[in-house]
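Peer 1: What follows is start31.cif, mmCIF, C-alpha atoms.
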```cif
data_upload
#
loop_
_atom_site.group_PDB
_atom_site.id
_atom_site.type_symbol
_atom_site.label_atom_id
_atom_site.label_comp_id
_atom_site.auth_asym_id
_atom_site.auth_seq_id
_atom_site.Cartn_x
_atom_site.Cartn_y
_atom_site.Cartn_z
ATOM 1 C CA MET A 1 -29.165 49.284 44.421
ATOM 2 C CA THR A 2 -32.895 49.032 43.946
ATOM 3 C CA THR A 3 -34.520 46.372 41.829
ATOM 4 C CA THR A 4 -38.004 46.468 40.442
ATOM 5 C CA VAL A 5 -40.420 43.560 40.737
ATOM 6 C CA ALA A 6 -39.918 42.730 37.083
ATOM 7 C CA GLU A 7 -36.142 42.600 37.502
ATOM 8 C CA ARG A 8 -36.439 40.330 40.548
ATOM 9 C CA ASP A 9 -38.715 37.999 38.597
ATOM 10 C CA LEU A 10 -36.200 37.912 35.803
ATOM 11 C CA LEU A 11 -33.355 37.114 38.210
ATOM 12 C CA GLY A 12 -35.451 34.355 39.780
ATOM 13 C CA LEU A 13 -36.165 32.898 36.364
ATOM 14 C CA LEU A 14 -32.508 33.003 35.416
ATOM 15 C CA GLU A 15 -31.479 31.293 38.658
ATOM 16 C CA SER A 16 -34.022 28.518 38.270
ATOM 17 C CA ALA A 17 -32.988 28.032 34.643
ATOM 18 C CA VAL A 18 -29.348 27.676 35.703
ATOM 19 C CA ASN A 19 -30.226 25.243 38.491
ATOM 20 C CA GLU A 20 -32.365 23.065 36.251
ATOM 21 C CA ALA A 21 -29.883 22.795 33.432
ATOM 22 C CA PRO A 22 -26.323 23.066 34.756
ATOM 23 C CA VAL A 23 -24.910 21.337 31.646
ATOM 24 C CA GLU A 24 -25.916 24.311 29.525
ATOM 25 C CA THR A 25 -23.441 26.589 31.275
ATOM 26 C CA ILE A 26 -20.393 24.854 29.772
ATOM 27 C CA VAL A 27 -21.606 24.710 26.155
ATOM 28 C CA PRO A 28 -19.963 27.389 24.004
ATOM 29 C CA ALA A 29 -22.436 29.852 22.511
ATOM 30 C CA GLU A 30 -21.708 29.092 18.865
ATOM 31 C CA ALA A 31 -22.332 25.371 19.382
ATOM 32 C CA THR A 32 -25.800 26.007 20.838
ATOM 33 C CA GLN A 33 -26.642 28.201 17.884
ATOM 34 C CA SER A 34 -25.799 25.565 15.297
ATOM 35 C CA GLU A 35 -27.765 23.009 17.346
ATOM 36 C CA VAL A 36 -30.963 25.007 16.949
ATOM 37 C CA GLU A 37 -31.944 24.192 13.402
ATOM 38 C CA ALA A 38 -28.971 23.366 11.250
ATOM 39 C CA PRO A 39 -30.279 22.440 7.794
ATOM 40 C CA VAL A 40 -28.876 19.258 6.301
ATOM 41 C CA ARG A 41 -25.972 20.291 4.165
ATOM 42 C CA GLN A 42 -24.871 18.384 1.125
ATOM 43 C CA LEU A 43 -21.707 18.033 -0.909
ATOM 44 C CA VAL A 44 -21.886 16.758 -4.462
ATOM 45 C CA ILE A 45 -18.644 16.027 -6.285
ATOM 46 C CA ILE A 46 -18.372 15.271 -9.972
ATOM 47 C CA ASN A 47 -15.235 13.187 -10.137
ATOM 48 C CA TRP A 48 -14.247 13.016 -13.794
ATOM 49 C CA SER A 49 -10.472 12.455 -13.523
ATOM 50 C CA GLY A 50 -8.798 9.233 -12.550
ATOM 51 C CA GLU A 51 -5.458 10.754 -11.679
ATOM 52 C CA PHE A 52 -3.821 10.530 -8.273
ATOM 53 C CA ASP A 53 -3.638 14.296 -7.809
ATOM 54 C CA ARG A 54 -7.376 14.709 -8.420
ATOM 55 C CA ILE A 55 -8.653 11.582 -6.703
ATOM 56 C CA MET A 56 -6.906 12.812 -3.534
ATOM 57 C CA PRO A 57 -8.839 16.084 -3.201
ATOM 58 C CA THR A 58 -12.055 14.293 -4.195
ATOM 59 C CA LEU A 59 -11.621 11.764 -1.399
ATOM 60 C CA ILE A 60 -10.310 14.291 1.134
ATOM 61 C CA MET A 61 -13.223 16.668 0.594
ATOM 62 C CA ALA A 62 -15.697 13.761 0.599
ATOM 63 C CA ASN A 63 -14.260 12.419 3.871
ATOM 64 C CA ALA A 64 -14.202 15.812 5.562
ATOM 65 C CA ALA A 65 -17.775 16.565 4.461
ATOM 66 C CA ALA A 66 -19.073 13.207 5.651
ATOM 67 C CA ALA A 67 -17.231 13.675 8.960
ATOM 68 C CA MET A 68 -18.971 17.030 9.356
ATOM 69 C CA GLY A 69 -22.365 15.441 8.868
ATOM 70 C CA TYR A 70 -22.921 16.505 5.268
ATOM 71 C CA LYS A 71 -24.792 14.178 2.955
ATOM 72 C CA THR A 72 -21.956 13.434 0.567
ATOM 73 C CA LYS A 73 -22.275 12.097 -2.939
ATOM 74 C CA VAL A 74 -19.571 11.450 -5.492
ATOM 75 C CA PHE A 75 -20.593 11.031 -9.111
ATOM 76 C CA THR A 76 -17.821 9.204 -10.941
ATOM 77 C CA THR A 77 -17.611 9.614 -14.668
ATOM 78 C CA PHE A 78 -15.242 8.958 -17.576
ATOM 79 C CA TRP A 79 -11.642 8.394 -16.343
ATOM 80 C CA GLY A 80 -12.924 9.180 -12.875
ATOM 81 C CA LEU A 81 -14.828 5.910 -12.825
ATOM 82 C CA LEU A 82 -11.799 3.619 -13.222
ATOM 83 C CA PRO A 83 -10.351 4.137 -9.704
ATOM 84 C CA PHE A 84 -13.637 2.824 -8.331
ATOM 85 C CA VAL A 85 -13.301 -0.506 -10.066
ATOM 86 C CA ASN A 86 -12.499 -3.247 -7.546
ATOM 87 C CA ASP A 87 -8.758 -3.150 -6.872
ATOM 88 C CA GLN A 88 -8.389 -6.876 -7.563
ATOM 89 C CA LYS A 89 -9.705 -6.643 -11.115
ATOM 90 C CA ARG A 90 -6.970 -6.572 -13.713
ATOM 91 C CA ILE A 91 -8.619 -6.553 -17.116
ATOM 92 C CA VAL A 92 -12.181 -5.370 -17.417
ATOM 93 C CA GLY A 93 -14.415 -4.856 -20.402
ATOM 94 C CA GLU A 94 -16.202 -6.981 -22.943
ATOM 95 C CA ASN A 95 -14.466 -6.348 -26.258
ATOM 96 C CA TRP A 96 -10.786 -6.041 -27.215
ATOM 97 C CA MET A 97 -10.767 -2.221 -27.146
ATOM 98 C CA GLN A 98 -12.194 -2.066 -23.638
ATOM 99 C CA LYS A 99 -9.746 -4.736 -22.473
ATOM 100 C CA MET A 100 -6.869 -2.874 -24.087
ATOM 101 C CA LEU A 101 -7.880 0.349 -22.310
ATOM 102 C CA ALA A 102 -7.894 -1.514 -18.985
ATOM 103 C CA PHE A 103 -4.488 -2.973 -19.837
ATOM 104 C CA MET A 104 -3.008 0.462 -20.583
ATOM 105 C CA GLN A 105 -4.615 2.086 -17.560
ATOM 106 C CA ARG A 106 -4.996 -0.497 -14.817
ATOM 107 C CA PRO A 107 -8.213 0.289 -12.930
ATOM 108 C CA GLY A 108 -8.488 0.369 -9.144
ATOM 109 C CA ILE A 109 -7.715 2.829 -6.354
ATOM 110 C CA SER A 110 -4.163 1.493 -5.812
ATOM 111 C CA HIS A 111 -3.078 1.983 -9.419
ATOM 112 C CA LEU A 112 -3.416 5.699 -10.021
ATOM 113 C CA LYS A 113 -1.161 7.664 -12.334
ATOM 114 C CA MET A 114 -0.291 11.305 -11.886
ATOM 115 C CA SER A 115 -1.336 14.125 -14.209
ATOM 116 C CA LYS A 116 2.261 15.314 -14.299
ATOM 117 C CA MET A 117 5.647 13.902 -13.352
ATOM 118 C CA ASN A 118 4.359 10.358 -13.718
ATOM 119 C CA PHE A 119 7.723 9.219 -15.213
ATOM 120 C CA LEU A 120 6.613 5.612 -15.783
ATOM 121 C CA GLY A 121 5.401 5.260 -12.213
ATOM 122 C CA MET A 122 8.365 6.932 -10.564
ATOM 123 C CA GLY A 123 6.289 9.978 -9.568
ATOM 124 C CA PRO A 124 3.510 8.031 -7.841
ATOM 125 C CA TRP A 125 6.103 5.830 -6.136
ATOM 126 C CA MET A 126 7.887 8.865 -4.682
ATOM 127 C CA ILE A 127 4.616 10.457 -3.599
ATOM 128 C CA GLY A 128 3.722 7.133 -1.969
ATOM 129 C CA GLN A 129 7.029 7.080 -0.073
ATOM 130 C CA LEU A 130 6.598 10.693 1.055
ATOM 131 C CA SER A 131 2.996 10.008 2.097
ATOM 132 C CA LYS A 132 4.155 7.106 4.273
ATOM 133 C CA LYS A 133 6.932 9.197 5.793
ATOM 134 C CA TYR A 134 4.538 12.017 6.700
ATOM 135 C CA GLN A 135 1.603 9.722 7.580
ATOM 136 C CA ILE A 136 -0.627 11.001 4.819
ATOM 137 C CA ALA A 137 -3.499 8.636 4.081
ATOM 138 C CA SER A 138 -3.292 6.739 0.793
ATOM 139 C CA PRO A 139 -6.166 6.880 -1.731
ATOM 140 C CA LYS A 140 -7.088 3.328 -0.685
ATOM 141 C CA GLU A 141 -7.282 4.291 3.001
ATOM 142 C CA LEU A 142 -9.275 7.406 2.146
ATOM 143 C CA LEU A 143 -11.695 5.383 0.033
ATOM 144 C CA GLU A 144 -12.237 2.887 2.859
ATOM 145 C CA ALA A 145 -12.768 5.733 5.344
ATOM 146 C CA ALA A 146 -15.238 7.418 2.975
ATOM 147 C CA GLU A 147 -17.219 4.217 2.594
ATOM 148 C CA ALA A 148 -17.250 3.752 6.386
ATOM 149 C CA LEU A 149 -18.550 7.312 6.842
ATOM 150 C CA GLY A 150 -21.372 6.684 4.396
ATOM 151 C CA VAL A 151 -20.191 8.631 1.354
ATOM 152 C CA GLU A 152 -22.352 7.614 -1.600
ATOM 153 C CA PHE A 153 -20.557 6.806 -4.827
ATOM 154 C CA MET A 154 -22.619 6.924 -7.989
ATOM 155 C CA PRO A 155 -21.231 5.622 -11.283
ATOM 156 C CA CYS A 156 -22.103 7.201 -14.591
ATOM 157 C CA GLN A 157 -24.206 4.772 -16.635
ATOM 158 C CA MET A 158 -22.806 5.970 -19.951
ATOM 159 C CA THR A 159 -19.203 5.453 -18.779
ATOM 160 C CA MET A 160 -20.041 1.983 -17.453
ATOM 161 C CA ASP A 161 -21.313 1.075 -20.921
ATOM 162 C CA MET A 162 -18.352 2.628 -22.726
ATOM 163 C CA PHE A 163 -15.760 0.767 -20.649
ATOM 164 C CA GLY A 164 -17.861 -2.408 -20.578
ATOM 165 C CA LEU A 165 -18.006 -2.345 -16.780
ATOM 166 C CA LYS A 166 -20.531 -4.361 -14.841
ATOM 167 C CA ARG A 167 -21.888 -3.707 -11.363
ATOM 168 C CA GLU A 168 -19.783 -6.588 -9.965
ATOM 169 C CA ASP A 169 -16.575 -5.029 -11.353
ATOM 170 C CA MET A 170 -16.996 -2.033 -9.037
ATOM 171 C CA ILE A 171 -16.150 -1.474 -5.355
ATOM 172 C CA ASP A 172 -18.686 -2.815 -2.864
ATOM 173 C CA GLY A 173 -19.812 0.657 -1.809
ATOM 174 C CA MET A 174 -20.756 1.723 -5.331
ATOM 175 C CA GLY A 175 -24.392 2.746 -5.746
ATOM 176 C CA GLU A 176 -26.698 2.373 -8.688
ATOM 177 C CA PRO A 177 -25.607 3.912 -12.026
ATOM 178 C CA VAL A 178 -27.175 7.302 -12.721
ATOM 179 C CA GLY A 179 -27.106 9.991 -15.417
ATOM 180 C CA ALA A 180 -26.504 13.724 -15.719
ATOM 181 C CA ALA A 181 -30.080 14.726 -14.822
ATOM 182 C CA THR A 182 -29.859 12.999 -11.437
ATOM 183 C CA VAL A 183 -26.629 14.815 -10.627
ATOM 184 C CA LEU A 184 -27.987 18.193 -11.741
ATOM 185 C CA GLU A 185 -31.008 17.723 -9.535
ATOM 186 C CA LEU A 186 -28.740 16.962 -6.561
ATOM 187 C CA MET A 187 -26.492 19.934 -7.304
ATOM 188 C CA THR A 188 -29.367 22.407 -7.353
ATOM 189 C CA GLN A 189 -30.824 21.373 -4.016
ATOM 190 C CA PRO A 190 -30.617 23.945 -1.196
ATOM 191 C CA ASN A 191 -27.575 23.983 1.132
ATOM 192 C CA THR A 192 -25.583 22.057 -1.428
ATOM 193 C CA ALA A 193 -22.000 22.654 -2.460
ATOM 194 C CA SER A 194 -20.868 21.064 -5.682
ATOM 195 C CA LEU A 195 -17.379 20.458 -6.971
ATOM 196 C CA PHE A 196 -16.103 19.409 -10.375
ATOM 197 C CA ILE A 197 -12.777 17.665 -9.817
ATOM 198 C CA MET B 1 -23.804 15.771 34.974
ATOM 199 C CA THR B 2 -21.715 18.896 34.829
ATOM 200 C CA LEU B 3 -18.206 18.938 33.544
ATOM 201 C CA THR B 4 -16.857 20.959 36.449
ATOM 202 C CA ASP B 5 -18.366 18.643 39.113
ATOM 203 C CA THR B 6 -17.437 15.232 37.811
ATOM 204 C CA ASN B 7 -14.466 15.865 35.602
ATOM 205 C CA PRO B 8 -12.271 18.585 37.066
ATOM 206 C CA ALA B 9 -9.041 17.619 35.328
ATOM 207 C CA GLY B 10 -9.830 14.742 33.019
ATOM 208 C CA THR B 11 -10.119 12.358 35.997
ATOM 209 C CA ALA B 12 -13.524 10.902 35.145
ATOM 210 C CA LYS B 13 -14.015 8.322 32.407
ATOM 211 C CA LEU B 14 -12.803 9.934 29.237
ATOM 212 C CA THR B 15 -12.411 8.225 25.897
ATOM 213 C CA THR B 16 -9.205 9.228 24.167
ATOM 214 C CA LEU B 17 -8.510 9.233 20.449
ATOM 215 C CA ASP B 18 -4.833 9.378 19.623
ATOM 216 C CA ALA B 19 -4.619 10.979 16.165
ATOM 217 C CA ARG B 20 -1.056 12.211 16.601
ATOM 218 C CA GLY B 21 0.980 12.168 13.408
ATOM 219 C CA LEU B 22 -2.069 11.859 11.149
ATOM 220 C CA LYS B 23 -2.588 14.445 8.438
ATOM 221 C CA CYS B 24 -5.712 16.113 7.101
ATOM 222 C CA PRO B 25 -8.438 14.875 6.828
ATOM 223 C CA MET B 26 -7.802 11.860 9.066
ATOM 224 C CA PRO B 27 -8.015 13.604 12.497
ATOM 225 C CA ILE B 28 -11.534 14.797 11.637
ATOM 226 C CA VAL B 29 -12.469 11.486 10.011
ATOM 227 C CA LYS B 30 -11.300 9.454 13.033
ATOM 228 C CA THR B 31 -13.021 11.913 15.359
ATOM 229 C CA ALA B 32 -16.313 11.551 13.485
ATOM 230 C CA GLN B 33 -16.025 7.776 13.907
ATOM 231 C CA ALA B 34 -14.926 7.961 17.558
ATOM 232 C CA ILE B 35 -17.641 10.393 18.677
ATOM 233 C CA LYS B 36 -20.193 7.716 17.761
ATOM 234 C CA THR B 37 -18.676 5.409 20.396
ATOM 235 C CA VAL B 38 -19.486 7.755 23.291
ATOM 236 C CA THR B 39 -23.020 8.448 24.470
ATOM 237 C CA ALA B 40 -24.663 11.879 24.234
ATOM 238 C CA GLY B 41 -23.241 14.302 26.787
ATOM 239 C CA GLU B 42 -20.056 12.282 27.288
ATOM 240 C CA MET B 43 -16.583 13.547 26.498
ATOM 241 C CA LEU B 44 -14.086 12.499 23.879
ATOM 242 C CA GLU B 45 -10.490 13.596 24.121
ATOM 243 C CA VAL B 46 -8.591 13.954 20.844
ATOM 244 C CA LEU B 47 -4.835 14.356 20.529
ATOM 245 C CA THR B 48 -3.428 15.574 17.243
ATOM 246 C CA THR B 49 -0.257 17.130 15.912
ATOM 247 C CA ASP B 50 -1.920 18.746 12.894
ATOM 248 C CA PRO B 51 -1.799 22.560 13.270
ATOM 249 C CA GLY B 52 -4.705 22.787 10.809
ATOM 250 C CA ALA B 53 -6.828 20.995 13.398
ATOM 251 C CA VAL B 54 -7.407 24.219 15.349
ATOM 252 C CA ALA B 55 -9.504 25.693 12.553
ATOM 253 C CA ASP B 56 -10.827 22.315 11.408
ATOM 254 C CA PHE B 57 -12.136 21.217 14.809
ATOM 255 C CA ALA B 58 -13.843 24.590 15.290
ATOM 256 C CA ALA B 59 -15.578 24.163 11.907
ATOM 257 C CA TRP B 60 -16.428 20.549 12.702
ATOM 258 C CA SER B 61 -17.901 21.577 16.033
ATOM 259 C CA ARG B 62 -20.041 24.304 14.462
ATOM 260 C CA SER B 63 -21.277 21.956 11.728
ATOM 261 C CA THR B 64 -22.039 18.915 13.873
ATOM 262 C CA GLY B 65 -23.170 20.655 17.078
ATOM 263 C CA ASN B 66 -20.715 18.649 19.198
ATOM 264 C CA SER B 67 -19.023 21.194 21.442
ATOM 265 C CA ILE B 68 -15.365 21.819 22.199
ATOM 266 C CA VAL B 69 -15.223 22.132 25.990
ATOM 267 C CA GLU B 70 -11.474 22.349 26.310
ATOM 268 C CA GLN B 71 -8.606 23.090 23.956
ATOM 269 C CA THR B 72 -4.928 23.137 24.851
ATOM 270 C CA VAL B 73 -1.587 22.856 23.112
ATOM 271 C CA ALA B 74 1.666 21.561 24.569
ATOM 272 C CA ASP B 75 4.841 20.437 22.803
ATOM 273 C CA GLY B 76 3.169 20.555 19.408
ATOM 274 C CA VAL B 77 0.308 18.306 20.551
ATOM 275 C CA TYR B 78 -3.150 19.818 20.284
ATOM 276 C CA ARG B 79 -5.642 18.440 22.776
ATOM 277 C CA PHE B 80 -9.376 18.834 22.318
ATOM 278 C CA VAL B 81 -12.031 17.708 24.758
ATOM 279 C CA LEU B 82 -15.244 17.302 22.818
ATOM 280 C CA GLN B 83 -18.710 16.723 24.155
ATOM 281 C CA ARG B 84 -21.111 14.688 22.083
ATOM 282 C CA LYS B 85 -24.366 16.453 21.295
#
```
If you convert what's in this file into structure tokens, what do you get?

Peer 2:
Amino acid sequence: MTTTVAERDLLGLLESAVNEAPVETIVPAEATQSEVEAPVRQLVIINWSGEFDRIMPTLIMANAAAAMGYKTKVFTTFWGLLPFVNDQKRIVGENWMQKMLAFMQRPGISHLKMSKMNFLGMGPWMIGQLSKKYQIASPKELLEAAEALGVEFMPCQMTMDMFGLKREDMIDGMGEPVGAATVLELMTQPNTASLFI
Amino acid sequence: MTLTDTNPAGTAKLTTLDARGLKCPMPIVKTAQAIKTVTAGEMLEVLTTDPGAVADFAAWSRSTGNSIVEQTVADGVYRFVLQRK
């Protein structure tokens, strides 16, 4: 087999490249590609429901996104804000109507109802038992993991006012209250996925 | 350091994360936390029993740039050796 000068030069270059960087040889091709210039991806979730079966996907998607290096933001509004009240708080609000709402729907991540088959708490209790049996993370565990991974939670200012909630009523990881315009701006940024849960 | 020279069969220092039994998304969540404890270029071994992990770890690897250098399955336990970017 004959090789031209150019081919020999190329072989020499390849050999020296391999000798200088032996680590490169074990890295799968697709991983090197994503290393090149992966744009920062973002996940924005509008969490408007406070029910167990919707808080779960919110927290699961938020956790997975944060674990994958996405900037992850969860905007919590209306009923979706109540699970992010500090678990220890029992009655929140300033006037009797707000207090009554908190009494009827206890806020906090450990006190979620289900959108169907709630049966006075029987449904959530059974789901809780099944989750333990199959080692599925509870909403509380998922919330703690999300906070540890740096998921940003943003409360809706209007909902805070309506329920009479103060900053100190909320979980420690809760950010500053924002409005719809802020969320829309986030949702329309490039490389951003947004969910309405 | 090359993997083949210093770590032929998981003999060199290898941090292991035991995520067996955990369900989605916890294997990925724990992995994201654990990969921060090893230095760049070092390996992290993850054990999981979640069949969804095969697709999930591939997606995680592509998104984060941390590579999967080894992937095996035995007795329902999926083993991933990951290298931190």

Peer 1: List the residues selected by the PyMOL selection byres ((chain B and resi 64) around 8) in the file shown, writing them as JSON, numbers by chain.

Peer 2: {"A": [34, 35, 68, 69], "B": [60, 61, 62, 63, 65, 66]}

Peer 1: I'd like to see the residues matched by the PyMOL selection byres ((chain B and resi 34) around 12) on this file, and ideally I'd get them as number ranges by chain.

Peer 2: A: 67, 149; B: 15-19, 26-33, 35-39, 42-46, 82-84

Peer 1: What is the distance, in Å and to one decimal place, between CA of Ile60 (chain A) and CA of Leu120 (chain A)?

Peer 2: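 Between CA of Ile60 (chain A) and CA of Leu120 (chain A) the gap is 25.5 Å.
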
Peer 1: Quick one: which residues end up in the PyMOL selection byres ((chain A and resi 71-87) around 6) for this structure, as a ChimeraX atom specification?

Peer 2: /A:42-50,66,70,88-89,107-109,151-156,159,169-171

Peer 1: What's around Val73 (chain B) at 10 Å? Count all atoms listed in the file, leave out sequence neighbours fewer than 6 positions away in its own chain, and write the answer as a list in words.

Peer 2: Leu47, Thr48, Thr49, Pro51, Val54, Arg79 and Phe80 of chain B

Peer 1: Take every atom of region 166-184 of chain A listed in the file, pad by 3 Å on each side, and give me the axis-aligned box centre and edge lengths in Å, one decimal, as AutoDock Vina command-line options.

Peer 2:
```
--center_x -23.1 --center_y 5.8 --center_z -8.8 --size_x 19.9 --size_y 30.8 --size_z 19.9
```

Peer 1: Have a look at B:Ser67, B:Ala53, B:Lys13, B:Ala40 and name the one nearest to chain A; count only C-alpha atoms.

Peer 2: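 Smallest distance to chain A is found for B:Ser67.
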
Peer 1: When you draw a straight line from CA of Ile127 (chain A) to CA of Val77 (chain B), how long is it in Å?

Peer 2: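 According to the coordinates, CA of Ile127 (chain A) and CA of Val77 (chain B) are separated by 25.8 Å.
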
Peer 1: Go ahead and compute the interatomic distance for CA of Leu59 (chain A) and CA of Pro139 (chain A), in Å to one decimal.

Peer 2: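 It comes out at 7.3 Å.
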
Peer 1: Of the candidates B:Val81, B:Cys24, B:Ala74, B:Ala55, which one gets nearest to chain A if we count all atoms listed in the file?

Peer 2: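 Between B:Val81, B:Cys24, B:Ala74, B:Ala55, the residue approaching chain A most closely is B:Cys24.
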
Peer 1: Go through A:Ser115, A:Gln135, A:Thr182, A:Thr192 and flag the residue nearest chain B, using only C-alpha atoms for the distances.

Peer 2: A:Gln135

Peer 1: Take the point (-2.7, 10.6, -9.5) as written in the file and pick out every residue within 6 Å of it, counting only C-alpha atoms; give the list as a compact mmCIF listing (two decimals) with C-alpha atoms, in the coordinates of the input.

Peer 2:
```
# COMPACT_ATOMS: atom_id res chain seq x y z
CA GLU A 51 -5.46 10.75 -11.68
CA PHE A 52 -3.82 10.53 -8.27
CA ASP A 53 -3.64 14.30 -7.81
CA LEU A 112 -3.42 5.70 -10.02
CA LYS A 113 -1.16 7.66 -12.33
CA MET A 114 -0.29 11.30 -11.89
```

Peer 1: So, with only C-alpha atoms as the atoms that count, which of A:Val92, A:Met100, A:Val178, A:Ala137 lies closest to chain B?

Peer 2: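 Closest candidate: A:Ala137.
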
Peer 1: Kindly indicate which residue among B:Gly52, B:Leu14, B:Ile68, B:Tyr78 lies nearest to chain A, using all atoms listed in the file for the distances.

Peer 2: B:Ile68

Peer 1: Between A:Leu142, A:Leu184, A:Gly128, A:Met162, which is the closest to chain B once you count all atoms listed in the file?

Peer 2: A:Leu142

Peer 1: Quick one: region 82-105 of chain A with N, CA and C atoms, as an mmCIF file, in the frame of the given file?

Peer 2:
```
data_model
loop_
_atom_site.group_PDB
_atom_site.id
_atom_site.type_symbol
_atom_site.label_atom_id
_atom_site.label_comp_id
_atom_site.auth_asym_id
_atom_site.auth_seq_id
_atom_site.Cartn_x
_atom_site.Cartn_y
_atom_site.Cartn_z
ATOM 1 N N LEU A 82 -12.731 4.759 -13.308
ATOM 2 C CA LEU A 82 -11.799 3.619 -13.222
ATOM 3 C C LEU A 82 -11.204 3.368 -11.829
ATOM 4 N N PRO A 83 -10.881 4.424 -11.047
ATOM 5 C CA PRO A 83 -10.351 4.137 -9.704
ATOM 6 C C PRO A 83 -11.351 3.421 -8.800
ATOM 7 N N PHE A 84 -12.623 3.437 -9.183
ATOM 8 C CA PHE A 84 -13.637 2.824 -8.331
ATOM 9 C C PHE A 84 -14.035 1.429 -8.808
ATOM 10 N N VAL A 85 -13.204 0.905 -9.724
ATOM 11 C CA VAL A 85 -13.301 -0.506 -10.066
ATOM 12 C C VAL A 85 -12.600 -1.258 -8.942
ATOM 13 N N ASN A 86 -13.116 -2.422 -8.587
ATOM 14 C CA ASN A 86 -12.499 -3.247 -7.546
ATOM 15 C C ASN A 86 -11.002 -3.399 -7.817
ATOM 16 N N ASP A 87 -10.212 -3.149 -6.772
ATOM 17 C CA ASP A 87 -8.758 -3.150 -6.872
ATOM 18 C C ASP A 87 -8.181 -4.467 -7.412
ATOM 19 N N GLN A 88 -8.898 -5.553 -7.182
ATOM 20 C CA GLN A 88 -8.389 -6.876 -7.563
ATOM 21 C C GLN A 88 -8.555 -7.152 -9.059
ATOM 22 N N LYS A 89 -9.444 -6.400 -9.696
ATOM 23 C CA LYS A 89 -9.705 -6.643 -11.115
ATOM 24 C C LYS A 89 -8.521 -6.154 -11.936
ATOM 25 N N ARG A 90 -8.113 -6.958 -12.886
ATOM 26 C CA ARG A 90 -6.970 -6.572 -13.713
ATOM 27 C C ARG A 90 -7.442 -6.064 -15.073
ATOM 28 N N ILE A 91 -8.098 -6.933 -15.802
ATOM 29 C CA ILE A 91 -8.619 -6.553 -17.116
ATOM 30 C C ILE A 91 -10.136 -6.563 -17.049
ATOM 31 N N VAL A 92 -10.721 -5.434 -17.382
ATOM 32 C CA VAL A 92 -12.181 -5.370 -17.417
ATOM 33 C C VAL A 92 -12.622 -4.971 -18.821
ATOM 34 N N GLY A 93 -13.877 -5.201 -19.094
ATOM 35 C CA GLY A 93 -14.415 -4.856 -20.402
ATOM 36 C C GLY A 93 -14.868 -6.093 -21.154
ATOM 37 N N GLU A 94 -15.612 -5.863 -22.207
ATOM 38 C CA GLU A 94 -16.202 -6.981 -22.943
ATOM 39 C C GLU A 94 -15.519 -7.223 -24.291
ATOM 40 N N ASN A 95 -15.108 -6.148 -24.961
ATOM 41 C CA ASN A 95 -14.466 -6.348 -26.258
ATOM 42 C C ASN A 95 -12.972 -5.990 -26.183
ATOM 43 N N TRP A 96 -12.249 -6.201 -27.251
ATOM 44 C CA TRP A 96 -10.786 -6.041 -27.215
ATOM 45 C C TRP A 96 -10.357 -4.605 -26.919
ATOM 46 N N MET A 97 -11.148 -3.631 -27.376
ATOM 47 C CA MET A 97 -10.767 -2.221 -27.146
ATOM 48 C C MET A 97 -10.896 -1.866 -25.661
ATOM 49 N N GLN A 98 -11.991 -2.335 -25.069
ATOM 50 C CA GLN A 98 -12.194 -2.066 -23.638
ATOM 51 C C GLN A 98 -11.119 -2.762 -22.805
ATOM 52 N N LYS A 99 -10.775 -3.974 -23.205
ATOM 53 C CA LYS A 99 -9.746 -4.736 -22.473
ATOM 54 C C LYS A 99 -8.380 -4.069 -22.620
ATOM 55 N N MET A 100 -8.143 -3.546 -23.821
ATOM 56 C CA MET A 100 -6.869 -2.874 -24.087
ATOM 57 C C MET A 100 -6.754 -1.592 -23.254
ATOM 58 N N LEU A 101 -7.864 -0.861 -23.143
ATOM 59 C CA LEU A 101 -7.880 0.349 -22.310
ATOM 60 C C LEU A 101 -7.535 0.006 -20.858
ATOM 61 N N ALA A 102 -8.142 -1.092 -20.370
ATOM 62 C CA ALA A 102 -7.894 -1.514 -18.985
ATOM 63 C C ALA A 102 -6.446 -1.972 -18.814
ATOM 64 N N PHE A 103 -5.879 -2.532 -19.897
ATOM 65 C CA PHE A 103 -4.488 -2.973 -19.837
ATOM 66 C C PHE A 103 -3.547 -1.764 -19.770
ATOM 67 N N MET A 104 -3.872 -0.731 -20.549
ATOM 68 C CA MET A 104 -3.008 0.462 -20.583
ATOM 69 C C MET A 104 -3.167 1.309 -19.332
ATOM 70 N N GLN A 105 -4.373 1.354 -18.797
ATOM 71 C CA GLN A 105 -4.615 2.086 -17.560
ATOM 72 C C GLN A 105 -5.281 1.124 -16.580
#
```
